[in-house]
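Data file: model_12.cif. Format and content: mmCIF, C-alpha atoms.
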data_structure
loop_
_atom_site.label_atom_id
_atom_site.label_comp_id
_atom_site.auth_asym_id
_atom_site.auth_seq_id
_atom_site.Cartn_x
_atom_site.Cartn_y
_atom_site.Cartn_z
CA MET A 1 5.58 4.49 12.48
CA ASP A 2 4.82 3.09 15.89
CA ASP A 3 1.48 1.38 15.29
CA GLN A 4 1.92 -1.00 12.37
CA THR A 5 -1.80 -1.65 11.85
CA LEU A 6 -4.47 -0.50 9.42
CA ALA A 7 -7.99 -0.02 10.78
CA LEU A 8 -11.00 -0.22 8.47
CA LEU A 9 -13.73 2.05 9.86
CA ASP A 10 -17.48 2.18 9.23
CA GLU A 11 -19.39 5.39 8.47
CA ASN A 12 -19.56 6.12 12.23
CA SER A 13 -15.78 5.78 12.63
CA ARG A 14 -16.09 2.45 14.46
CA VAL A 15 -13.41 -0.15 13.77
CA ILE A 16 -14.76 -2.95 11.58
CA GLU A 17 -11.47 -4.79 11.22
CA ARG A 18 -7.81 -4.26 12.04
CA TYR A 19 -4.94 -5.57 9.88
CA ALA A 20 -1.21 -5.96 10.50
CA ILE A 21 0.85 -3.90 8.03
CA SER A 22 4.41 -2.86 7.29
CA THR A 23 5.29 0.79 6.62
CA GLY A 24 8.47 2.58 5.51
CA LEU A 25 11.80 1.33 6.82
CA ASN A 26 12.93 4.98 6.88
CA GLY A 27 10.01 5.96 9.12
CA ALA A 28 7.36 8.57 8.53
CA GLY A 29 7.94 11.46 6.14
CA GLU A 30 6.69 13.12 3.04
CA ARG A 31 9.76 14.17 1.00
CA ASP A 32 10.27 12.78 -2.51
CA GLY A 33 12.92 10.06 -2.54
CA SER A 34 12.87 9.63 1.24
CA GLY A 35 11.57 6.04 1.32
CA CYS A 36 9.31 7.21 4.16
CA THR A 37 5.59 6.62 4.56
CA PRO A 38 3.68 9.90 4.16
CA ARG A 39 1.40 11.03 6.97
CA GLY A 40 -1.84 12.92 6.96
CA ARG A 41 -5.11 12.89 5.08
CA HIS A 42 -5.25 11.02 1.77
CA TYR A 43 -7.82 9.38 -0.45
CA ILE A 44 -7.83 6.31 -2.68
CA ARG A 45 -7.18 7.71 -6.16
CA ALA A 46 -7.03 4.39 -8.05
CA MET A 47 -7.73 0.73 -7.41
CA ILE A 48 -5.75 -1.78 -9.47
CA GLY A 49 -6.02 -5.55 -9.70
CA ALA A 50 -9.74 -6.30 -9.35
CA GLY A 51 -10.46 -9.92 -10.18
CA LEU A 52 -6.83 -10.95 -10.62
CA PRO A 53 -5.49 -14.01 -8.77
CA ALA A 54 -3.85 -13.64 -5.39
CA ASN A 55 -0.07 -13.14 -5.71
CA THR A 56 -0.35 -11.47 -9.13
CA VAL A 57 2.91 -9.55 -9.64
CA PHE A 58 2.74 -5.85 -10.60
CA ARG A 59 5.44 -3.61 -12.06
CA ALA A 60 4.63 0.02 -12.78
CA ARG A 61 1.02 -0.74 -11.73
CA ARG A 62 0.55 -3.32 -14.47
CA PRO A 63 0.31 -7.09 -14.02
CA THR A 64 3.43 -8.77 -15.38
CA GLY A 65 1.73 -12.09 -16.11
CA GLU A 66 3.72 -13.64 -13.25
CA VAL A 67 2.34 -15.14 -10.06
CA TYR A 68 4.63 -14.81 -7.05
CA SER A 69 6.29 -18.03 -5.87
CA PRO A 70 9.43 -18.89 -3.89
CA GLU A 71 11.09 -19.92 -7.18
CA LEU A 72 10.28 -16.56 -8.80
CA ALA A 73 11.60 -14.77 -5.71
CA ALA A 74 14.84 -16.77 -5.88
CA ASN A 75 15.28 -15.72 -9.52
CA HIS A 76 14.69 -12.03 -8.65
CA PRO A 77 16.16 -11.54 -5.16
CA ASN A 78 16.22 -7.72 -5.24
CA ARG A 79 12.67 -7.03 -6.43
CA ASP A 80 10.36 -4.97 -4.26
CA TRP A 81 7.29 -7.18 -4.66
CA ILE A 82 3.95 -5.50 -5.26
CA LEU A 83 1.34 -8.24 -5.26
CA SER A 84 -2.39 -8.99 -5.55
CA ARG A 85 -3.98 -5.51 -5.34
CA ILE A 86 -2.94 -1.84 -5.36
CA LEU A 87 -4.74 1.04 -3.66
CA TRP A 88 -2.93 4.13 -5.00
CA LEU A 89 -3.08 7.02 -2.55
CA CYS A 90 -3.29 10.75 -3.19
CA GLY A 91 -2.57 13.39 -0.54
CA LEU A 92 -5.13 16.00 0.43
CA GLU A 93 -2.90 18.44 2.32
CA SER A 94 -1.19 20.99 0.10
CA GLY A 95 2.46 21.42 1.06
CA LYS A 96 2.38 18.39 3.37
CA ASN A 97 1.50 15.37 1.21
CA ARG A 98 0.34 17.10 -1.98
CA GLY A 99 2.37 19.32 -4.29
CA SER A 100 5.98 19.91 -5.18
CA GLY A 101 8.50 17.77 -3.32
CA VAL A 102 5.97 15.96 -1.12
CA ASP A 103 3.28 14.55 -3.40
CA THR A 104 2.06 11.12 -2.26
CA PHE A 105 0.49 10.33 -5.64
CA ARG A 106 3.62 11.25 -7.63
CA ARG A 107 5.71 9.26 -5.14
CA PHE A 108 3.65 6.18 -6.11
CA ILE A 109 2.61 5.41 -2.55
CA TYR A 110 0.25 2.43 -2.39
CA ILE A 111 -1.42 0.04 -0.05
CA HIS A 112 -0.47 -3.29 -1.64
CA GLY A 113 0.14 -6.97 -1.10
CA THR A 114 3.56 -8.39 -0.31
CA PRO A 115 4.96 -11.94 -0.06
CA ASP A 116 3.47 -13.81 2.87
CA THR A 117 7.02 -14.54 4.07
CA GLU A 118 7.53 -10.81 4.79
CA PRO A 119 6.96 -9.87 8.44
CA MET A 120 4.08 -7.59 9.37
CA GLY A 121 4.19 -5.15 12.27
CA LEU A 122 7.70 -4.02 11.32
CA ALA A 123 8.70 -1.00 9.26
CA LEU A 124 10.37 -2.56 6.21
CA SER A 125 8.83 -1.06 3.06
CA HIS A 126 10.18 1.56 0.65
CA GLY A 127 7.42 3.95 1.77
CA CYS A 128 4.28 2.07 0.78
CA ILE A 129 1.94 0.28 3.16
CA ARG A 130 2.39 -3.48 2.75
CA MET A 131 -0.29 -6.00 3.69
CA ARG A 132 -0.76 -9.76 3.60
CA ASN A 133 -2.25 -10.76 0.24
CA SER A 134 -5.46 -12.16 1.73
CA ASP A 135 -5.90 -8.95 3.76
CA VAL A 136 -5.33 -6.54 0.85
CA ILE A 137 -7.79 -8.54 -1.28
CA GLU A 138 -10.34 -8.43 1.56
CA ILE A 139 -9.97 -4.69 2.10
CA PHE A 140 -9.93 -4.00 -1.67
CA ASP A 141 -13.43 -5.45 -1.86
CA CYS A 142 -14.64 -3.14 0.97
CA VAL A 143 -13.37 0.22 -0.31
CA CYS A 144 -13.86 2.47 -3.34
CA THR A 145 -12.04 5.28 -5.11
CA GLY A 146 -12.42 8.57 -3.29
CA MET A 147 -12.53 6.88 0.12
CA PRO A 148 -10.52 8.76 2.78
CA VAL A 149 -7.33 7.28 4.25
CA THR A 150 -5.55 8.83 7.23
CA ILE A 151 -1.95 7.84 7.96
CA ARG A 152 -0.58 8.61 11.43
#
Render the structure in this file as structure tokens.
Amino acid sequence: MDDQTLALLDENSRVIERYAISTGLNGAGERDGSGCTPRGRHYIRAMIGAGLPANTVFRARRPTGEVYSPELAANHPNRDWILSRILWLCGLESGKNRGSGVDTFRRFIYIHGTPDTEPMGLALSHGCIRMRNSDVIEIFDCVCTGMPVTIR
């Protein structure tokens, strides 16, 4: 994905804020197992992590009780860190990002926090949209379930 930013828009489609992000290392795409970031129209189906501390570690959308640190990272070097907040996306376009073989929700595609040591602006994720922890917490407090999300 060429533009590695997320824009938060107001009700008149004006940009309120722009955030650096990281999308799928394998590029854009909708196929199950592709590691790509799905394109098209989506909505926020679930919001996970309200009120939890920054750097809370999630596995299978549940807090593990851990808080990310360099020491924890050294003990688990191969973990794909999902931190702070999760905005779980659901596709709206049947056959493109919703339904058999291409379903964003069943692919567990999120907007989520990542270690602050991870670079933004580069495609490095496993398909999700990664954000700085402070940014994902900020945006989490500005959105609600059902809110539209368009990925280009």
Sphere at (6.4, 19.5, 3.0), radius 12 Å, counting only C-alpha atoms: residues as JSON, numbers by chain = {"A": [29, 30, 31, 32, 34, 38, 39, 40, 91, 93, 94, 95, 96, 97, 98, 99, 100, 101, 102, 103, 104]}
Give me a file of those residues, with C-alpha atoms, as a PDB file, in the frame of the given file.
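Wrote part12.pdb, looks like this:
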ATOM      1  CA  GLY A  29       7.940  11.460   6.140  1.00  0.00           C
ATOM      2  CA  GLU A  30       6.690  13.120   3.040  1.00  0.00           C
ATOM      3  CA  ARG A  31       9.760  14.170   1.000  1.00  0.00           C
ATOM      4  CA  ASP A  32      10.270  12.780  -2.510  1.00  0.00           C
ATOM      5  CA  SER A  34      12.870   9.630   1.240  1.00  0.00           C
ATOM      6  CA  PRO A  38       3.680   9.900   4.160  1.00  0.00           C
ATOM      7  CA  ARG A  39       1.400  11.030   6.970  1.00  0.00           C
ATOM      8  CA  GLY A  40      -1.840  12.920   6.960  1.00  0.00           C
ATOM      9  CA  GLY A  91      -2.570  13.390  -0.540  1.00  0.00           C
ATOM     10  CA  GLU A  93      -2.900  18.440   2.320  1.00  0.00           C
ATOM     11  CA  SER A  94      -1.190  20.990   0.100  1.00  0.00           C
ATOM     12  CA  GLY A  95       2.460  21.420   1.060  1.00  0.00           C
ATOM     13  CA  LYS A  96       2.380  18.390   3.370  1.00  0.00           C
ATOM     14  CA  ASN A  97       1.500  15.370   1.210  1.00  0.00           C
ATOM     15  CA  ARG A  98       0.340  17.100  -1.980  1.00  0.00           C
ATOM     16  CA  GLY A  99       2.370  19.320  -4.290  1.00  0.00           C
ATOM     17  CA  SER A 100       5.980  19.910  -5.180  1.00  0.00           C
ATOM     18  CA  GLY A 101       8.500  17.770  -3.320  1.00  0.00           C
ATOM     19  CA  VAL A 102       5.970  15.960  -1.120  1.00  0.00           C
ATOM     20  CA  ASP A 103       3.280  14.550  -3.400  1.00  0.00           C
ATOM     21  CA  THR A 104       2.060  11.120  -2.260  1.00  0.00           C
TER      22      THR A 104
END
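Evaluating the PyMOL selection byres ((chain A and resi 80) around 12) against the shown model yields Val57, Phe58, Arg59, Ala60, Tyr68, Ala73, His76, Pro77, Asn78, Arg79, Trp81, Ile82, Leu83, His112, Gly113, Thr114, Pro115, Glu118, Leu124, Ser125, His126, Gly127, Cys128 and Arg130 of chain A.
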Restricting it to C-alpha atoms, dump the selection as a PDB file, in the frame of the given file.
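In the end it all went to selection_34.pdb:
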ATOM      1  CA  VAL A  57       2.910  -9.550  -9.640  1.00  0.00           C
ATOM      2  CA  PHE A  58       2.740  -5.850 -10.600  1.00  0.00           C
ATOM      3  CA  ARG A  59       5.440  -3.610 -12.060  1.00  0.00           C
ATOM      4  CA  ALA A  60       4.630   0.020 -12.780  1.00  0.00           C
ATOM      5  CA  TYR A  68       4.630 -14.810  -7.050  1.00  0.00           C
ATOM      6  CA  ALA A  73      11.600 -14.770  -5.710  1.00  0.00           C
ATOM      7  CA  HIS A  76      14.690 -12.030  -8.650  1.00  0.00           C
ATOM      8  CA  PRO A  77      16.160 -11.540  -5.160  1.00  0.00           C
ATOM      9  CA  ASN A  78      16.220  -7.720  -5.240  1.00  0.00           C
ATOM     10  CA  ARG A  79      12.670  -7.030  -6.430  1.00  0.00           C
ATOM     11  CA  TRP A  81       7.290  -7.180  -4.660  1.00  0.00           C
ATOM     12  CA  ILE A  82       3.950  -5.500  -5.260  1.00  0.00           C
ATOM     13  CA  LEU A  83       1.340  -8.240  -5.260  1.00  0.00           C
ATOM     14  CA  HIS A 112      -0.470  -3.290  -1.640  1.00  0.00           C
ATOM     15  CA  GLY A 113       0.140  -6.970  -1.100  1.00  0.00           C
ATOM     16  CA  THR A 114       3.560  -8.390  -0.310  1.00  0.00           C
ATOM     17  CA  PRO A 115       4.960 -11.940  -0.060  1.00  0.00           C
ATOM     18  CA  GLU A 118       7.530 -10.810   4.790  1.00  0.00           C
ATOM     19  CA  LEU A 124      10.370  -2.560   6.210  1.00  0.00           C
ATOM     20  CA  SER A 125       8.830  -1.060   3.060  1.00  0.00           C
ATOM     21  CA  HIS A 126      10.180   1.560   0.650  1.00  0.00           C
ATOM     22  CA  GLY A 127       7.420   3.950   1.770  1.00  0.00           C
ATOM     23  CA  CYS A 128       4.280   2.070   0.780  1.00  0.00           C
ATOM     24  CA  ARG A 130       2.390  -3.480   2.750  1.00  0.00           C
TER      25      ARG A 130
END
Ile44 of chain A surroundings by only C-alpha atoms, 10 Å radius, close-in-sequence under 5 positions cut, as a list in words |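 Returned residues: Ile86, Leu87, Trp88, Leu89, Cys90, Gly91, Phe105, Tyr110, Ile111, Val143, Cys144, Thr145, Gly146, Met147, Pro148 and Val149 of chain A.
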Nearest to Gln4 of chain A by atom-to-atom distance, counting all atoms listed in the file, from A:Gly121, A:Leu72, A:Phe108, A:Tyr19 |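 Closest to Gln4 of chain A of all the choices is A:Gly121.
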Within 9 Å of Leu8 of chain A, counting all atoms listed in the file, which residues qualify if same-chain residues fewer than 4 places away don't, as a ChimeraX atom specification?
-> /A:13-19,139,142
Separation of atom CA of Thr64 of chain A from atom CA of Tyr43 of chain A in Å | 26.1 Å
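In this comparison, which uses only C-alpha atoms, the residue of A:Gly33, A:Pro119, A:Gly49, A:Pro63 approaching Asp141 of chain A most closely is A:Gly49.
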Expressed in Å to a single decimal, how great is the separation between atom CA of Ala46 of chain A and atom CA of Ile151 of chain A?
-> 17.1 Å
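Counting from atom CA of Arg41 of chain A, the distance to atom CA of Leu122 of chain A is 22.1 Å.
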Of the listed residues A:Ala74, A:Ile21, A:Ala28, A:Ile109, that which approaches Arg61 of chain A most closely, counting only C-alpha atoms |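 Closest to Arg61 of chain A of all the choices is A:Ile109.
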Restricting the calculation to all atoms listed in the file, which member of A:Pro70, A:Pro53, A:Gly24, A:Gly65 is positioned closest to Thr37 of chain A?
-> A:Gly24
Taking into account all atoms listed in the file, which residue in the set A:Gly35, A:Thr150, A:Ser22, A:Arg85 is nearest to Leu9 of chain A?
-> A:Thr150
Edge lengths and centre in Å, axis-aligned, segment 38-50 of chain A plus 4 Å each side, as lines of an AutoDock Vina configuration file:
center_x = -3.0
center_y = 3.3
center_z = -1.4
size_x = 21.4
size_y = 27.2
size_z = 24.7
Pick the closest to Leu52 of chain A from A:Thr5, A:Thr117, A:Asn12, A:Asn133: which is it, counting all atoms listed in the file?
->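 The closest residue to Leu52 of chain A is A:Asn133.
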Any chance you could model N, CA, C and O atoms for segment 75-90 of chain A and send them as an mmCIF file, in the coordinates of the input?
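After the write, out36.cif holds the following:
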data_model
loop_
_atom_site.group_PDB
_atom_site.id
_atom_site.type_symbol
_atom_site.label_atom_id
_atom_site.label_comp_id
_atom_site.auth_asym_id
_atom_site.auth_seq_id
_atom_site.Cartn_x
_atom_site.Cartn_y
_atom_site.Cartn_z
ATOM 1 N N ASN A 75 14.736 -16.203 -8.247
ATOM 2 C CA ASN A 75 15.280 -15.720 -9.520
ATOM 3 C C ASN A 75 15.394 -14.201 -9.574
ATOM 4 O O ASN A 75 16.092 -13.670 -10.438
ATOM 5 N N HIS A 76 14.686 -13.500 -8.686
ATOM 6 C CA HIS A 76 14.690 -12.030 -8.650
ATOM 7 C C HIS A 76 14.845 -11.556 -7.197
ATOM 8 O O HIS A 76 13.930 -10.970 -6.626
ATOM 9 N N PRO A 77 16.006 -11.793 -6.593
ATOM 10 C CA PRO A 77 16.160 -11.540 -5.160
ATOM 11 C C PRO A 77 16.057 -10.079 -4.730
ATOM 12 O O PRO A 77 15.791 -9.804 -3.567
ATOM 13 N N ASN A 78 16.227 -9.130 -5.636
ATOM 14 C CA ASN A 78 16.220 -7.720 -5.240
ATOM 15 C C ASN A 78 14.939 -6.985 -5.596
ATOM 16 O O ASN A 78 14.876 -5.769 -5.435
ATOM 17 N N ARG A 79 13.934 -7.684 -6.070
ATOM 18 C CA ARG A 79 12.670 -7.030 -6.430
ATOM 19 C C ARG A 79 11.908 -6.596 -5.201
ATOM 20 O O ARG A 79 11.878 -7.301 -4.200
ATOM 21 N N ASP A 80 11.302 -5.424 -5.288
ATOM 22 C CA ASP A 80 10.360 -4.970 -4.260
ATOM 23 C C ASP A 80 8.985 -5.439 -4.738
ATOM 24 O O ASP A 80 8.395 -4.837 -5.626
ATOM 25 N N TRP A 81 8.493 -6.507 -4.165
ATOM 26 C CA TRP A 81 7.290 -7.180 -4.660
ATOM 27 C C TRP A 81 6.029 -6.402 -4.353
ATOM 28 O O TRP A 81 5.754 -6.074 -3.201
ATOM 29 N N ILE A 82 5.272 -6.115 -5.384
ATOM 30 C CA ILE A 82 3.950 -5.500 -5.260
ATOM 31 C C ILE A 82 2.978 -6.528 -5.815
ATOM 32 O O ILE A 82 3.007 -6.843 -7.012
ATOM 33 N N LEU A 83 2.148 -7.069 -4.928
ATOM 34 C CA LEU A 83 1.340 -8.240 -5.260
ATOM 35 C C LEU A 83 -0.157 -8.027 -5.025
ATOM 36 O O LEU A 83 -0.551 -7.209 -4.189
ATOM 37 N N SER A 84 -0.951 -8.768 -5.735
ATOM 38 C CA SER A 84 -2.390 -8.990 -5.550
ATOM 39 C C SER A 84 -3.292 -7.801 -5.853
ATOM 40 O O SER A 84 -4.168 -7.891 -6.692
ATOM 41 N N ARG A 85 -3.140 -6.694 -5.145
ATOM 42 C CA ARG A 85 -3.980 -5.510 -5.340
ATOM 43 C C ARG A 85 -3.159 -4.260 -5.008
ATOM 44 O O ARG A 85 -2.230 -4.305 -4.195
ATOM 45 N N ILE A 86 -3.563 -3.134 -5.622
ATOM 46 C CA ILE A 86 -2.940 -1.840 -5.360
ATOM 47 C C ILE A 86 -4.036 -0.821 -5.081
ATOM 48 O O ILE A 86 -4.971 -0.682 -5.874
ATOM 49 N N LEU A 87 -3.919 -0.132 -3.964
ATOM 50 C CA LEU A 87 -4.740 1.040 -3.660
ATOM 51 C C LEU A 87 -3.776 2.228 -3.711
ATOM 52 O O LEU A 87 -2.930 2.389 -2.819
ATOM 53 N N TRP A 88 -3.868 3.026 -4.767
ATOM 54 C CA TRP A 88 -2.930 4.130 -5.000
ATOM 55 C C TRP A 88 -3.464 5.358 -4.291
ATOM 56 O O TRP A 88 -4.589 5.792 -4.539
ATOM 57 N N LEU A 89 -2.657 5.915 -3.405
ATOM 58 C CA LEU A 89 -3.080 7.020 -2.550
ATOM 59 C C LEU A 89 -2.710 8.380 -3.130
ATOM 60 O O LEU A 89 -1.693 8.526 -3.808
ATOM 61 N N CYS A 90 -3.523 9.364 -2.795
ATOM 62 C CA CYS A 90 -3.290 10.750 -3.190
ATOM 63 C C CYS A 90 -3.459 11.624 -1.949
ATOM 64 O O CYS A 90 -4.440 11.477 -1.212
#
